[in-house]
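Engineer: mmCIF, C-alpha atoms, file coords26.cif:
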data_upload
loop_
_atom_site.label_atom_id
_atom_site.label_comp_id
_atom_site.auth_asym_id
_atom_site.auth_seq_id
_atom_site.Cartn_x
_atom_site.Cartn_y
_atom_site.Cartn_z
CA MET A 244 2.59 20.91 24.96
CA ASN A 245 4.01 20.18 21.50
CA ILE A 246 5.67 16.78 21.08
CA LEU A 247 7.72 15.83 18.02
CA VAL A 248 7.39 12.08 17.42
CA ILE A 249 10.21 10.42 15.47
CA ASN A 250 10.32 6.95 13.91
CA ALA A 251 13.76 6.57 12.36
CA GLY A 252 14.77 3.85 9.92
CA SER A 253 18.17 3.20 8.37
CA SER A 254 17.49 5.54 5.42
CA SER A 255 14.16 7.10 6.38
CA LEU A 256 12.52 9.13 9.11
CA LYS A 257 8.79 9.49 9.79
CA TYR A 258 7.65 12.37 11.96
CA GLN A 259 4.57 13.92 13.53
CA LEU A 260 4.10 17.05 15.62
CA LEU A 261 1.12 16.86 17.94
CA ASP A 262 -0.41 17.98 21.19
CA PRO A 263 -0.96 14.88 23.36
CA ALA A 264 -3.44 16.63 25.64
CA THR A 265 -5.89 17.30 22.83
CA GLY A 266 -4.74 14.76 20.25
CA VAL A 267 -4.48 17.56 17.69
CA LEU A 268 -2.03 16.77 14.89
CA LEU A 269 -0.18 19.86 13.66
CA ALA A 270 2.04 18.38 10.98
CA LYS A 271 3.42 15.09 9.71
CA GLY A 272 5.74 13.88 7.02
CA LEU A 273 8.56 11.68 5.85
CA CYS A 274 12.25 11.93 5.03
CA GLU A 275 13.26 9.26 2.54
CA ARG A 276 16.46 8.12 0.84
CA ILE A 277 18.67 9.63 3.54
CA GLY A 278 22.28 9.30 2.46
CA ILE A 279 21.25 8.89 -1.17
CA ASP A 280 19.39 11.70 -2.92
CA GLY A 281 17.05 12.90 -0.14
CA LYS A 282 13.27 13.19 -0.59
CA PHE A 283 11.33 15.33 1.88
CA THR A 284 7.57 15.38 2.50
CA TYR A 285 5.82 17.85 4.80
CA LYS A 286 2.07 17.87 5.42
CA PRO A 287 0.87 20.64 7.73
CA GLN A 288 -2.55 19.97 9.21
CA VAL A 289 -3.37 23.66 9.58
CA GLU A 290 -5.68 25.35 7.10
CA GLY A 291 -3.93 27.64 4.63
CA LYS A 292 -0.53 25.97 4.97
CA ALA A 293 0.95 24.35 1.87
CA ALA A 294 2.38 20.84 1.75
CA LEU A 295 5.67 19.68 0.27
CA ASN A 296 5.62 16.34 -1.52
CA ALA A 297 8.86 14.37 -1.98
CA ILE A 298 10.95 17.38 -2.88
CA ASP A 299 14.74 17.10 -3.24
CA VAL A 300 16.56 18.04 -0.03
CA ALA A 301 20.21 17.23 0.66
CA MET A 302 20.20 14.69 3.52
CA PRO A 303 23.59 13.01 3.73
CA THR A 304 22.79 12.00 7.33
CA HIS A 305 19.82 11.91 9.69
CA SER A 306 20.97 15.22 11.20
CA GLU A 307 20.20 17.03 7.94
CA ALA A 308 16.85 15.22 7.81
CA ILE A 309 15.95 16.45 11.31
CA GLN A 310 17.05 19.95 10.34
CA ALA A 311 14.80 19.81 7.27
CA VAL A 312 11.87 18.81 9.49
CA LEU A 313 12.53 21.69 11.91
CA ASN A 314 12.97 24.17 9.07
CA ALA A 315 9.58 23.20 7.68
CA LEU A 316 7.84 23.35 11.06
CA VAL A 317 9.03 26.95 11.69
CA ASP A 318 8.89 28.16 8.08
CA ALA A 319 7.60 31.74 8.02
CA GLU A 320 4.98 31.00 5.37
CA ASN A 321 3.91 27.38 5.86
CA GLY A 322 5.23 26.43 9.29
CA VAL A 323 3.00 25.56 12.24
CA LEU A 324 5.32 26.87 14.97
CA ALA A 325 6.73 30.34 15.61
CA SER A 326 10.12 28.95 16.70
CA MET A 327 11.87 25.72 17.63
CA SER A 328 11.50 26.67 21.29
CA GLU A 329 7.84 25.63 20.98
CA ILE A 330 8.93 21.99 20.68
CA ASP A 331 8.70 20.82 24.28
CA ALA A 332 10.07 17.30 23.85
CA VAL A 333 10.81 14.55 21.35
CA GLY A 334 9.38 11.02 21.57
CA HIS A 335 11.17 8.23 19.74
CA ARG A 336 9.83 4.88 18.68
CA VAL A 337 12.45 2.29 19.63
CA VAL A 338 11.78 -1.23 18.43
CA HIS A 339 13.55 -3.42 20.98
CA GLY A 340 14.07 -2.77 24.67
CA GLY A 341 14.82 -6.38 25.60
CA GLU A 342 14.26 -7.12 29.28
CA SER A 343 15.77 -3.78 30.27
CA PHE A 344 12.67 -1.65 29.66
CA ALA A 345 9.15 -2.43 30.83
CA SER A 346 7.98 1.14 30.21
CA SER A 347 8.91 4.30 28.33
CA VAL A 348 11.90 6.20 29.72
CA LEU A 349 13.68 9.54 29.57
CA ILE A 350 16.72 9.12 27.34
CA THR A 351 20.05 9.37 29.16
CA ASP A 352 23.54 8.11 28.39
CA GLU A 353 22.76 4.97 30.38
CA VAL A 354 19.54 4.40 28.41
CA MET A 355 21.40 4.84 25.12
CA LYS A 356 23.91 2.20 26.20
CA ALA A 357 21.12 -0.21 27.18
CA ILE A 358 19.37 0.30 23.82
CA GLU A 359 22.64 -0.36 22.04
CA GLU A 360 23.03 -3.60 24.01
CA CYS A 361 19.72 -4.72 22.46
CA ASN A 362 21.06 -4.21 18.92
CA PRO A 363 21.71 -7.94 18.39
CA LEU A 364 18.00 -8.57 19.04
CA ALA A 365 16.90 -6.02 16.40
CA PRO A 366 19.88 -5.38 14.11
CA LEU A 367 17.80 -3.72 11.40
CA HIS A 368 15.90 -1.36 13.72
CA ASN A 369 17.65 -0.42 16.96
CA PRO A 370 20.79 1.05 15.33
CA ALA A 371 18.54 3.24 13.16
CA ASN A 372 16.53 4.31 16.21
CA LEU A 373 19.77 5.32 17.94
CA ILE A 374 20.81 7.30 14.87
CA GLY A 375 17.52 9.22 15.07
CA ILE A 376 18.06 10.03 18.76
CA ASN A 377 21.62 11.21 18.15
CA ALA A 378 20.50 13.31 15.19
CA CYS A 379 17.90 15.09 17.32
CA THR A 380 20.52 15.77 19.99
CA ALA A 381 22.90 17.16 17.37
CA VAL A 382 20.29 19.58 16.04
CA LEU A 383 18.20 20.43 19.12
CA GLY A 384 20.91 20.17 21.76
CA ASP A 385 20.72 18.66 25.24
CA LYS A 386 18.06 20.98 26.64
CA VAL A 387 15.11 19.45 24.75
CA PRO A 388 14.16 16.24 26.62
CA GLN A 389 13.84 13.05 24.60
CA VAL A 390 11.91 9.91 25.51
CA ALA A 391 12.20 6.34 24.22
CA VAL A 392 8.96 4.38 23.74
CA PHE A 393 9.60 0.69 23.07
CA ASP A 394 7.60 -1.69 20.87
CA THR A 395 8.45 -4.47 23.30
CA SER A 396 7.79 -2.86 26.69
CA PHE A 397 4.03 -3.53 26.87
CA HIS A 398 4.73 -7.25 26.54
CA GLN A 399 7.18 -7.37 29.46
CA THR A 400 4.28 -8.35 31.75
CA MET A 401 4.06 -11.78 30.09
CA PRO A 402 4.59 -14.64 32.55
CA ASN A 403 7.53 -16.94 31.93
CA VAL A 404 5.26 -19.72 30.69
CA ALA A 405 4.29 -17.44 27.80
CA TYR A 406 7.72 -16.14 26.85
CA THR A 407 9.95 -19.19 27.41
CA TYR A 408 11.00 -21.22 24.37
CA ALA A 409 11.36 -24.99 24.70
CA ILE A 410 15.06 -25.01 23.83
CA PRO A 411 18.04 -25.54 26.19
CA TYR A 412 17.51 -23.05 29.00
CA GLU A 413 21.07 -21.74 28.85
CA TYR A 414 20.16 -19.90 25.63
CA TYR A 415 17.81 -17.79 27.71
CA GLU A 416 20.22 -17.45 30.62
CA ASN A 417 23.20 -16.51 28.44
CA ASP A 418 21.62 -14.84 25.41
CA LYS A 419 18.13 -13.75 26.56
CA ILE A 420 16.47 -15.73 23.78
CA ARG A 421 12.75 -15.62 24.54
CA ARG A 422 9.47 -14.25 23.23
CA TYR A 423 9.43 -10.45 23.35
CA GLY A 424 6.59 -9.38 21.04
CA PHE A 425 6.17 -6.17 19.08
CA HIS A 426 3.47 -3.60 18.17
CA GLY A 427 3.19 -3.05 21.92
CA THR A 428 2.39 0.65 21.61
CA SER A 429 -0.55 -0.15 19.35
CA HIS A 430 -1.84 -2.99 21.54
CA ARG A 431 -1.66 -0.74 24.61
CA PHE A 432 -3.46 2.12 22.86
CA VAL A 433 -6.38 0.10 21.46
CA SER A 434 -6.88 -1.98 24.62
CA ALA A 435 -7.24 1.25 26.60
CA ARG A 436 -9.66 2.64 24.01
CA ALA A 437 -11.65 -0.61 24.14
CA ALA A 438 -12.11 -0.26 27.89
CA ALA A 439 -13.26 3.33 27.38
CA MET A 440 -15.76 2.25 24.71
CA LEU A 441 -17.13 -0.44 27.02
CA GLY A 442 -17.31 1.99 29.93
CA LYS A 443 -15.49 -0.40 32.27
CA PRO A 444 -12.16 -0.29 34.11
CA ILE A 445 -9.53 -2.06 32.02
CA GLU A 446 -8.47 -3.92 35.18
CA GLU A 447 -11.77 -5.86 34.98
CA LEU A 448 -11.51 -6.88 31.32
CA ASN A 449 -10.02 -9.62 29.19
CA ILE A 450 -9.27 -8.15 25.74
CA ILE A 451 -7.80 -9.72 22.61
CA THR A 452 -6.20 -7.08 20.40
CA CYS A 453 -5.57 -7.93 16.73
CA HIS A 454 -3.08 -5.57 15.06
CA LEU A 455 -3.43 -6.73 11.47
CA GLY A 456 -1.51 -5.10 8.64
CA ASN A 457 1.49 -5.88 6.49
CA GLY A 458 3.00 -6.85 9.83
CA SER A 459 0.48 -8.54 12.12
CA SER A 460 0.34 -9.59 15.75
CA ILE A 461 -2.26 -10.48 18.36
CA ALA A 462 -2.05 -9.87 22.11
CA ALA A 463 -3.94 -11.23 25.09
CA VAL A 464 -4.52 -8.33 27.49
CA LYS A 465 -5.79 -9.33 30.93
CA GLY A 466 -6.57 -6.55 33.38
CA GLY A 467 -4.67 -4.06 31.22
CA LYS A 468 -1.50 -6.18 31.11
CA CYS A 469 -0.22 -8.29 28.24
CA VAL A 470 -0.09 -11.98 29.15
CA ASP A 471 0.75 -13.37 25.70
CA THR A 472 1.45 -12.22 22.16
CA THR A 473 2.13 -13.84 18.80
CA MET A 474 5.43 -12.28 17.69
CA GLY A 475 8.54 -13.69 19.31
CA LEU A 476 12.24 -12.94 19.57
CA THR A 477 11.75 -11.24 16.20
CA PRO A 478 8.69 -10.01 14.27
CA LEU A 479 8.87 -13.13 12.07
CA ALA A 480 6.84 -15.30 14.46
CA GLY A 481 3.09 -15.74 14.83
CA LEU A 482 0.63 -15.01 12.06
CA PRO A 483 1.41 -15.21 8.35
CA MET A 484 1.75 -11.58 7.27
CA GLY A 485 2.22 -9.59 4.10
CA THR A 486 5.60 -11.13 3.30
CA ARG A 487 6.56 -12.94 6.56
CA ALA A 488 5.95 -16.64 7.02
CA GLY A 489 4.89 -16.59 10.67
CA ASP A 490 4.95 -19.80 12.70
CA MET A 491 6.15 -22.90 10.85
CA ASP A 492 8.09 -26.13 11.27
CA ALA A 493 11.76 -25.16 11.52
CA GLY A 494 12.60 -28.34 9.62
CA VAL A 495 11.15 -26.71 6.51
CA MET A 496 14.13 -24.36 6.51
CA GLU A 497 16.63 -27.22 6.54
CA PHE A 498 14.80 -29.02 3.73
CA ILE A 499 14.65 -25.95 1.46
CA MET A 500 18.22 -24.86 2.24
CA ASN A 501 19.61 -28.30 1.43
CA LYS A 502 17.56 -28.87 -1.73
CA TYR A 503 18.11 -25.41 -3.23
CA ASN A 504 21.57 -24.73 -1.75
CA LEU A 505 20.49 -21.58 0.09
CA SER A 506 22.54 -19.82 2.73
CA MET A 507 20.95 -18.86 6.04
CA LYS A 508 20.85 -15.25 4.86
CA GLU A 509 19.03 -16.29 1.68
CA MET A 510 16.62 -18.48 3.64
CA MET A 511 15.79 -15.65 6.05
CA ASN A 512 15.15 -13.40 3.07
CA VAL A 513 12.64 -15.98 1.79
CA LEU A 514 10.90 -16.12 5.17
CA ASN A 515 10.85 -12.35 5.71
CA LYS A 516 10.37 -10.96 2.21
CA LYS A 517 8.86 -13.64 -0.04
CA SER A 518 6.46 -15.56 2.20
CA GLY A 519 3.17 -14.78 3.97
CA VAL A 520 0.18 -13.98 1.79
CA LEU A 521 2.56 -12.91 -0.99
CA GLY A 522 4.14 -16.35 -1.00
CA ILE A 523 0.83 -18.21 -0.98
CA SER A 524 -0.92 -16.04 -3.55
CA GLY A 525 2.03 -15.31 -5.81
CA ILE A 526 0.32 -11.96 -6.45
CA SER A 527 0.81 -9.38 -3.72
CA SER A 528 1.33 -8.68 -0.04
CA ASP A 529 -1.48 -6.09 -0.20
CA PHE A 530 -4.85 -7.47 0.85
CA ARG A 531 -6.61 -5.05 -1.51
CA ASP A 532 -4.88 -6.74 -4.42
CA LEU A 533 -5.88 -10.13 -3.01
CA ASP A 534 -9.51 -8.98 -2.77
CA ALA A 535 -9.47 -7.98 -6.44
CA ALA A 536 -7.79 -11.21 -7.51
CA GLU A 537 -10.24 -13.32 -5.52
CA ALA A 538 -13.14 -11.46 -7.11
CA ALA A 539 -11.65 -12.34 -10.49
CA GLY A 540 -11.62 -16.02 -9.54
CA ASN A 541 -8.02 -16.49 -8.38
CA ALA A 542 -8.00 -19.52 -6.06
CA ARG A 543 -4.58 -18.84 -4.54
CA ALA A 544 -5.57 -15.29 -3.56
CA LYS A 545 -8.58 -16.75 -1.76
CA LEU A 546 -6.39 -19.38 -0.10
CA ALA A 547 -3.95 -16.73 1.16
CA LYS A 548 -6.79 -14.78 2.78
CA ASP A 549 -8.34 -17.96 4.20
CA VAL A 550 -5.04 -19.09 5.75
CA PHE A 551 -4.58 -15.65 7.33
CA ALA A 552 -8.13 -15.55 8.72
CA TYR A 553 -7.89 -19.13 9.97
CA ASP A 554 -4.71 -18.41 11.93
CA VAL A 555 -6.20 -15.24 13.45
CA LYS A 556 -9.24 -17.25 14.56
CA LYS A 557 -7.01 -19.94 16.11
CA TYR A 558 -5.12 -17.35 18.15
CA ILE A 559 -8.34 -15.70 19.30
CA GLY A 560 -9.51 -19.07 20.60
CA SER A 561 -6.21 -19.91 22.26
CA TYR A 562 -5.94 -16.51 23.95
CA ALA A 563 -9.51 -16.75 25.23
CA ALA A 564 -8.48 -20.06 26.78
CA ALA A 565 -5.28 -18.59 28.23
CA MET A 566 -7.19 -15.76 29.93
CA GLY A 567 -10.16 -17.87 31.05
CA GLY A 568 -12.58 -16.01 28.78
CA VAL A 569 -12.75 -12.82 26.77
CA ASP A 570 -14.85 -9.67 27.03
CA ALA A 571 -13.82 -7.94 23.79
CA ILE A 572 -12.00 -8.62 20.54
CA VAL A 573 -10.41 -5.57 18.91
CA PHE A 574 -9.38 -5.22 15.26
CA THR A 575 -6.92 -2.49 14.32
CA ALA A 576 -4.22 -1.43 11.79
CA GLY A 577 -4.57 -1.39 8.00
CA VAL A 578 -6.18 -4.79 7.47
CA GLY A 579 -7.92 -4.95 10.84
CA GLU A 580 -9.54 -1.55 10.33
CA ASN A 581 -10.33 -1.85 6.63
CA GLY A 582 -11.15 -5.51 6.04
CA PRO A 583 -14.85 -6.05 6.76
CA GLY A 584 -14.92 -9.35 4.89
CA LEU A 585 -11.89 -10.66 6.74
CA ARG A 586 -13.43 -9.63 10.08
CA VAL A 587 -16.45 -11.77 9.23
CA SER A 588 -14.19 -14.73 8.38
CA MET A 589 -12.04 -14.26 11.48
CA THR A 590 -15.03 -14.33 13.84
CA ALA A 591 -17.28 -16.83 12.06
CA GLY A 592 -17.73 -20.02 14.05
CA LEU A 593 -16.91 -18.42 17.38
CA GLU A 594 -20.52 -18.58 18.57
CA TYR A 595 -19.50 -21.26 21.09
CA MET A 596 -17.51 -18.61 22.99
CA GLY A 597 -20.21 -15.95 22.80
CA VAL A 598 -19.34 -14.14 19.55
CA ALA A 599 -22.49 -13.60 17.49
CA PRO A 600 -22.29 -12.98 13.71
CA LEU A 601 -21.24 -9.37 13.14
CA ASN A 602 -23.64 -6.51 12.52
CA ALA A 603 -23.34 -6.09 8.74
CA GLU A 604 -24.16 -2.37 8.64
CA ALA A 605 -21.72 -1.43 11.40
CA ASN A 606 -19.04 -3.73 10.03
CA ASN A 607 -19.00 -1.93 6.68
CA LYS A 608 -18.17 1.47 8.18
CA ARG A 609 -14.56 2.67 7.99
CA GLY A 610 -12.24 5.06 9.79
CA VAL A 611 -14.14 5.30 13.09
CA GLU A 612 -14.19 3.59 16.44
CA ILE A 613 -17.21 1.32 16.25
CA ASP A 614 -18.80 -1.68 17.92
CA VAL A 615 -19.54 -4.20 15.16
CA SER A 616 -20.94 -6.87 17.49
CA GLY A 617 -23.98 -8.77 16.33
CA GLU A 618 -27.23 -8.87 18.23
CA GLY A 619 -26.98 -10.82 21.46
CA SER A 620 -23.19 -11.13 21.35
CA LYS A 621 -21.73 -11.77 24.79
CA VAL A 622 -18.27 -10.80 23.52
CA ARG A 623 -17.97 -7.30 22.07
CA VAL A 624 -16.22 -7.02 18.71
CA LEU A 625 -14.69 -3.58 18.20
CA VAL A 626 -12.90 -1.80 15.38
CA ILE A 627 -10.52 0.85 16.73
CA PRO A 628 -8.12 2.87 14.54
CA THR A 629 -4.72 2.70 16.17
CA ASN A 630 -2.65 5.80 16.91
CA GLU A 631 0.84 4.80 17.96
CA GLU A 632 2.18 8.34 17.50
CA LEU A 633 -0.37 9.74 19.93
CA MET A 634 0.53 7.02 22.45
CA ILE A 635 4.23 7.91 22.09
CA ALA A 636 3.41 11.60 22.53
CA MET A 637 1.28 10.89 25.62
CA ASP A 638 4.06 8.84 27.22
CA THR A 639 6.60 11.54 26.38
CA ALA A 640 4.48 14.30 27.88
CA GLU A 641 3.85 12.31 31.08
CA ILE A 642 7.56 11.63 31.60
CA VAL A 643 8.61 15.19 30.84
CA LYS A 644 6.01 16.67 33.20
CA ALA A 645 7.34 14.46 35.99
CA MET A 646 10.93 15.68 35.55
#
Would you encode the structure as structure tokens?
Structural biologist:
Amino acid sequence: MNILVINAGSSSLKYQLLDPATGVLLAKGLCERIGIDGKFTYKPQVEGKAALNAIDVAMPTHSEAIQAVLNALVDAENGVLASMSEIDAVGHRVVHGGESFASSVLITDEVMKAIEECNPLAPLHNPANLIGINACTAVLGDKVPQVAVFDTSFHQTMPNVAYTYAIPYEYYENDKIRRYGFHGTSHRFVSARAAAMLGKPIEELNIITCHLGNGSSIAAVKGGKCVDTTMGLTPLAGLPMGTRAGDMDAGVMEFIMNKYNLSMKEMMNVLNKKSGVLGISGISSDFRDLDAAEAAGNARAKLAKDVFAYDVKKYIGSYAAAMGGVDAIVFTAGVGENGPGLRVSMTAGLEYMGVAPLNAEANNKRGVEIDVSGEGSKVRVLVIPTNEELMIAMDTAEIVKAM
């Protein structure tokens, strides 16, 4: 079965074509600057097929972007499919499903309406996701099934003590203001892989999954179900990230807004785009740049990394407490997978809960699933490359087969 996975933004569209049964990736790419000047990238993963890198393609709307993707996939010379009929289904990443969706679903008119009702909770993402779905329908027609896979759905198993905010309860009753969490597809994928690596049923395990990248979140996964996570109503909550502030005293906003005469929109831009490790370091949101700056003696770059690692460690400890212990800690995503020094910092001092100092040789390997636990560690520390697209494709295939 060939599944086309779509992640649509307001002016961009990422795509992958893969076989969920084997995990084989056939092609991937990106449509950028949709509605502006249109840049198209196509990277076939089949030997002898040529790639296209940011070439000019007219994309006034997402429909033309989808058509460009399909044209490339079935191109006589460099395509990986004989015809569009070989696309069995389309899986869409949808950021916010609110309380309506606790699992992935076949897209229907009713589902589209429910996604649209979640737009106020994710105004930058859900409308773009809907545009991507409608564009696929316009190009592929109604006969190709489409599935929505939500960033929030994995976290819908959180108990109310974990998702309820300590504000007047009518804001939850009337407006559904609560913790939702994000990166759920990644947390679900790596927690399942962790159970497989440990050779135990996931129902018997307590796992803390650390999705650490430019956007970062941690989840407590007990028996295969999420019981807590760091992001909240929006992805701004939790850890300090590349440019996001994470958890902080809300009074800081009032102080800054009053002193510098900032509007709420300007303040939110500060918290979302100018804060995090970028704000602390004054250098970059990229941890590789922070590594280089620290090596050159920059104290603020070191502080930014230390604050990040400290907060990760605090959440690991709190989630171990929430679950009554932990069997495995998983690091994934760009920083989690490629930051051996940060992994050492984030686990140092956790000997009291059974985490031994990491195995230095294993910890320095990259790009593979690996157990980096130190000798005698009662808690396994794992590095697992995430694959959200494969998870989306697997969900899509399962739903389509059950139709």
Engineer: Pull out every residue that the PyMOL selection byres ((chain A and resi 359) around 12) matches in the shown coordinates and put them as a PyMOL selection string.
Structural biologist: chain A and resi 337-341+343+352-358+360-366+368-374+376
Engineer: Record the distance separating CA of Met302 (chain A) and CA of Met634 (chain A), expressed in Å with one decimal.
Structural biologist: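 CA of Met634 (chain A) lies 28.4 Å from CA of Met302 (chain A).
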Engineer: Run the PyMOL selection byres ((chain A and resi 593-598) around 7) against the file shown and list the residues it catches, as a list in words.
Structural biologist: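 Evaluating the PyMOL selection byres ((chain A and resi 593-598) around 7) on these coordinates yields Thr590, Ala591, Gly592, Ala599, Pro600, Ser620, Lys621 and Val622 of chain A.
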Engineer: Grab the residues selected above and save them as a short mmCIF file (atom, residue, chain, number, x, y, z; two decimals), in the frame of the given file with C-alpha atoms.
Structural biologist:
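File written: part.cif
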data_model
loop_
_atom_site.label_atom_id
_atom_site.label_comp_id
_atom_site.auth_asym_id
_atom_site.auth_seq_id
_atom_site.Cartn_x
_atom_site.Cartn_y
_atom_site.Cartn_z
CA THR A 590 -15.03 -14.33 13.84
CA ALA A 591 -17.28 -16.83 12.06
CA GLY A 592 -17.73 -20.02 14.05
CA ALA A 599 -22.49 -13.60 17.49
CA PRO A 600 -22.29 -12.98 13.71
CA SER A 620 -23.19 -11.13 21.35
CA LYS A 621 -21.73 -11.77 24.79
CA VAL A 622 -18.27 -10.80 23.52
#
Engineer: For the PyMOL selection byres ((chain A and resi 405-411) around 6), applied here, can you spell out every residue it catches as a list in words?
Structural biologist: Pro402, Asn403, Val404, Tyr412, Glu413, Arg421, Arg422 and Asp471 of chain A
Engineer: Take every atom of region 538-551 of chain A listed in the file, fit an axis-aligned box around them, add 8 Å per side, and give the centre and edge lengths in Å to one decimal as JSON.
Structural biologist:
{"center_x": -8.5, "center_y": -15.5, "center_z": -1.6, "size_x": 25.2, "size_y": 24.1, "size_z": 33.8}
Engineer: For region 613-626 of chain A, where the input has fewer atoms than it should, I would like N, CA, C and O atoms rebuilt and written as a short mmCIF file (atom, residue, chain, number, x, y, z; two decimals), keeping the file's coordinate frame.
Structural biologist:
data_model
loop_
_atom_site.label_atom_id
_atom_site.label_comp_id
_atom_site.auth_asym_id
_atom_site.auth_seq_id
_atom_site.Cartn_x
_atom_site.Cartn_y
_atom_site.Cartn_z
N ILE A 613 -15.84 1.80 16.36
CA ILE A 613 -17.21 1.32 16.25
C ILE A 613 -17.32 -0.10 16.82
O ILE A 613 -16.41 -0.91 16.71
N ASP A 614 -18.46 -0.35 17.43
CA ASP A 614 -18.80 -1.68 17.92
C ASP A 614 -19.54 -2.40 16.80
O ASP A 614 -20.61 -1.96 16.37
N VAL A 615 -18.94 -3.47 16.29
CA VAL A 615 -19.54 -4.20 15.16
C VAL A 615 -20.18 -5.51 15.63
O VAL A 615 -20.50 -6.37 14.80
N SER A 616 -20.38 -5.64 16.94
CA SER A 616 -20.94 -6.87 17.49
C SER A 616 -22.34 -7.12 16.95
O SER A 616 -23.13 -6.19 16.73
N GLY A 617 -22.63 -8.39 16.74
CA GLY A 617 -23.98 -8.77 16.33
C GLY A 617 -24.93 -8.80 17.51
O GLY A 617 -24.52 -8.79 18.68
N GLU A 618 -26.21 -8.86 17.20
CA GLU A 618 -27.23 -8.87 18.23
C GLU A 618 -27.06 -10.06 19.18
O GLU A 618 -26.87 -11.19 18.74
N GLY A 619 -27.07 -9.78 20.45
CA GLY A 619 -26.98 -10.82 21.46
C GLY A 619 -25.58 -11.32 21.74
O GLY A 619 -25.39 -12.26 22.51
N SER A 620 -24.57 -10.68 21.15
CA SER A 620 -23.19 -11.13 21.35
C SER A 620 -22.76 -10.88 22.78
O SER A 620 -22.88 -9.77 23.30
N LYS A 621 -22.24 -11.92 23.43
CA LYS A 621 -21.73 -11.77 24.79
C LYS A 621 -20.32 -11.19 24.79
O LYS A 621 -19.89 -10.59 25.77
N VAL A 622 -19.60 -11.36 23.70
CA VAL A 622 -18.27 -10.80 23.52
C VAL A 622 -18.38 -9.64 22.55
O VAL A 622 -18.91 -9.79 21.44
N ARG A 623 -17.90 -8.46 22.94
CA ARG A 623 -17.97 -7.30 22.07
C ARG A 623 -16.85 -7.38 21.03
O ARG A 623 -15.70 -7.72 21.35
N VAL A 624 -17.20 -7.07 19.80
CA VAL A 624 -16.22 -7.02 18.71
C VAL A 624 -16.10 -5.57 18.28
O VAL A 624 -17.09 -4.96 17.83
N LEU A 625 -14.90 -5.00 18.42
CA LEU A 625 -14.69 -3.58 18.20
C LEU A 625 -13.67 -3.34 17.09
O LEU A 625 -12.71 -4.10 16.95
N VAL A 626 -13.89 -2.27 16.33
CA VAL A 626 -12.90 -1.80 15.38
C VAL A 626 -12.40 -0.46 15.90
O VAL A 626 -13.20 0.47 16.10
#
